[in-house]
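> The following block contains the structure, expressed as structure tokens.
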Amino acid sequence: MIQEKTISELEDRQIKQIAAADKAISSNPNYSLEIYSAILKLEPGCLDLRKKLRTLQLRMAQNSSKGLSGLFGKVTAAPFMFRGKTDKNPAQTLAKAEDLIEKSVVNDMAHLMLVEAARNLDMKQTVVFGLETIRQINPKDIKNLKDLGNAYLEVGDTEKTIAIGNEIQKINPSDGDAEDLMKRASVAVAMDKGKWEESEDFRNQLKDEAEAQSLEQASKAVNDAKGLEELIRQAYAQWEQEPNNLNHYRQLSDLYHRYGDLENAIAWIQEARKQEAGKADVSLEEKERILTLEYFDDQIDQWEKKSHESPNDQATKTSWEEAISNRKLYQKSQLESLVQRYPNDFGYRYELGVILFEEEDYESCLAHFQLAQKNAKVRLDAILFLGRAYSRKNFFDLAIEQFNLLKSEIQIMDDRKKETIYELGCCYEAMGKGNEAMEEFKLVYSSDISFRDVAEKINAFYNQAKT
């Protein structure tokens, strides 16, 4: 379990690094970003640090575009499995969400992923912060505002709960959920003031028993299947009344997603995109892409499980391989289309470059990685992949330039820096420069003896020296 903590509770070395990063924000924001991100990976419960990181990410995003409104919808998220309450490894999901946010800070799906992981880890303040960030990106997302109001209420911030209720009613004056939210906040305020100290059950103090039961039920999260079915019925009724309101389509898609029905979740987004207001909404297109990738991932998981259960069944193995192939084809075709339509969205170029690299199309991926360096969020990874692509083409001198550049820019010996130094050593090794290669391998070895086959390389080097 991850415990939420403040910066003052971190190690002295980490506190000093954060202080140095704070000072460098104006002159070298990329350095600050790198430090914040690296330490947060080690201390994911540090909410103060997560807030510093997010503030800087949002500021850099605004500086590189015409504000958040110009960025929203052009999400560059890699695919992920968003499993909500059934998540078996929420700590890993939390880290995965941060990786996605690092690639695109306006990816609301990634922030939702972070919120669900934090909720599963009982990180209540982090849940609040995640929902606040979504509100900053999309201030009129009523569903998120309701979730935020409930989160404020859970941590005891009744004033903000009531403020959120008022905010919802400004958008939709007839919203009954907002009214219930404010009622429950008022109940909490009254209880805190001790008005019901002598009562065994606060329901006795209310005029209407039915109202008491309604408030009590509304304060609990609806997670069971029956509850979700009821919410879907309510959302469908709202859609029937306002078929042109895109929020109803989004809500139905989200509810079906939580229900585990990806086909309907995708179908409602597709229907939203057919509406006049939805045709130009790029966020809907991105949400459909992410949900479809998740659908493919589920298909792959199912066939993989069946294949392990029946390892000799060739038909099952073939279906598994086809599912993997179909996912790759879909993802590649979507990214090629996005790159063509948004040539200056370098996040998409990076994603496409990675796919081409994995397909061993090193020539085609080079241009995408070169351009992707213009995106601060993926710049370091783009340099790493660019060096790898040069290396695989045996352009070792060009690869070494990239790896040395990246080696000097990354301040902390994290996995990316280990990978960079290891690849640099491999280039020297391929060029027959054994001593230079060993100097690089030793740097990795001294930091992480278990990294790839670096221990074998070091042992072989010293054993050879003995003979």
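FYI, nothing fancy with the structure tokens labels: chains A, B, ... in order, residues from 1 per chain, ligands from 1 as they appear.
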Enumerate the residues of stretch 88-308 of chain A with a DSSP assignment of helix (DSSP H, G or I), computed from the backbone, and present them as a PyMOL selection string.
chain A and resi 90-103+108-120+124-137+142-154+158-171+176-192+202-205+209-218+225-241+246-259+262-274+282-308
> So that I can check the surroundings of stretch 237-239 of chain A, please list as a list in words every protein, DNA and RNA residue that reaches within 7 Å of it, counting only C-alpha atoms and ignoring chain neighbours fewer than 4 positions away.
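Answer for this query is Arg233, Pro243 and His248 of chain A.
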> Suppose we keep C-alpha atoms; can you now write the selection as a compact mmCIF listing (two decimals), in the first residue's frame?

```txt
# COMPACT_ATOMS: atom_id res chain seq x y z
CA ARG A 233 -31.11 3.28 -17.57
CA PRO A 243 -30.32 13.45 -28.03
CA HIS A 248 -25.06 11.93 -22.53
```
> Taking only C-alpha atoms into account, which of A:Ser283, A:Asn63, A:Gln169, A:Asn150 comes nearest A:Asn107?
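Checking each of A:Ser283, A:Asn63, A:Gln169, A:Asn150 against A:Asn107, counting only C-alpha atoms, the winner is A:Ser283.
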> Fewer than 6 positions away in the same chain doesn't count, so skip those; otherwise give me all residues within 12 Å of A:Gln270, counting only C-alpha atoms, as a ChimeraX atom specification.
/A:246,249-250,252-253,263-264,278-279,281,283-289,291-292
> Deliver the residues from the most recent selection as a file, using C-alpha atoms, as a PDB file, in the first residue's frame.

```pdb
ATOM      1  CA  LEU A 246     -22.792  14.972 -26.330  1.00  0.00           C
ATOM      2  CA  TYR A 249     -23.167   9.918 -25.148  1.00  0.00           C
ATOM      3  CA  ARG A 250     -19.960  10.240 -23.161  1.00  0.00           C
ATOM      4  CA  LEU A 252     -23.315   6.171 -21.504  1.00  0.00           C
ATOM      5  CA  SER A 253     -19.973   5.146 -22.986  1.00  0.00           C
ATOM      6  CA  GLU A 263     -18.650  -3.000 -27.512  1.00  0.00           C
ATOM      7  CA  ASN A 264     -21.405  -0.673 -26.280  1.00  0.00           C
ATOM      8  CA  GLY A 278     -19.330  15.547 -32.498  1.00  0.00           C
ATOM      9  CA  LYS A 279     -17.900  15.529 -36.020  1.00  0.00           C
ATOM     10  CA  ASP A 281     -14.629  16.837 -31.589  1.00  0.00           C
ATOM     11  CA  SER A 283     -11.441  14.106 -28.115  1.00  0.00           C
ATOM     12  CA  LEU A 284     -14.194  11.696 -29.190  1.00  0.00           C
ATOM     13  CA  GLU A 285     -11.983  10.315 -31.924  1.00  0.00           C
ATOM     14  CA  GLU A 286      -9.164   9.750 -29.444  1.00  0.00           C
ATOM     15  CA  LYS A 287     -11.489   8.131 -26.922  1.00  0.00           C
ATOM     16  CA  GLU A 288     -12.768   5.737 -29.589  1.00  0.00           C
ATOM     17  CA  ARG A 289      -9.165   4.862 -30.465  1.00  0.00           C
ATOM     18  CA  LEU A 291     -11.382   2.083 -26.194  1.00  0.00           C
ATOM     19  CA  THR A 292     -10.834   0.107 -29.397  1.00  0.00           C
TER      20      THR A 292
END
```
> Any idea what's packed within 7 Å of A:Leu53, counting only C-alpha atoms, ignoring anything in its chain fewer than 2 positions away? Could you give it as an NGL selection string?
:A and (33 or 36-37 or 49-51 or 55-57)
> Skip stretch 365-378 of chain A itself and residues of its chain fewer than 3 positions away, then list as a PyMOL selection string all residues within 7 Å of it, counting only C-alpha atoms.
chain A and resi 102-103+346-347+349-350+353+356-357+361-362+381-383+385-386+389
> Would you work out the distance separating atom CA of A:Asn463 from atom CA of A:Glu419, expressed in Å to one decimal?
24.5 Å
> At a cut-off of 10 Å, using only C-alpha atoms, what residues contact stretch 329-338 of chain A? Leave out same-chain residues fewer than 4 positions from it and give the result as a list in words.
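Listing them by chain and then by number gives Lys74, Thr76, Ala78, Pro79, Glu286, Arg289, Ile290, Thr292, Leu293, Phe296, Ala323, Ile324, Ser325, Tyr342, Pro343, Asp345, Tyr348, Arg349, Tyr350, Glu351, Leu352, Gly353, Ile355 and Leu356 of chain A.
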> For a test of reading the model, state the distance in Å between atom CA of A:Ser26 and atom CA of A:Glu11, rounded to one decimal.
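Between atom CA of A:Ser26 and atom CA of A:Glu11 the gap works out to 24.9 Å.
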> Any idea what's packed within 10 Å of A:Gln3, counting only C-alpha atoms, ignoring anything in its chain fewer than 4 positions away? Could you give it as a ChimeraX atom specification?
/A:43-47,121-123
> My list of candidates is A:Lys328, A:Lys170, A:Leu94, A:Gly165. Which is closest to A:Glu359 when distances are computed with only C-alpha atoms?
A:Lys328
> Out of A:Val454, A:Cys427, A:Arg59, A:Asp48, which residue has the shortest atom-to-atom distance to A:Asn30 when counting only C-alpha atoms?
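Using only C-alpha atoms, the shortest distance to A:Asn30 belongs to A:Arg59.
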> For the atom pair atom CA of A:Ser446 and atom CA of A:Ile7, what is the interatomic distance in Å to one decimal place?
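So the two atoms, atom CA of A:Ser446 and atom CA of A:Ile7, lie 28.3 Å apart.
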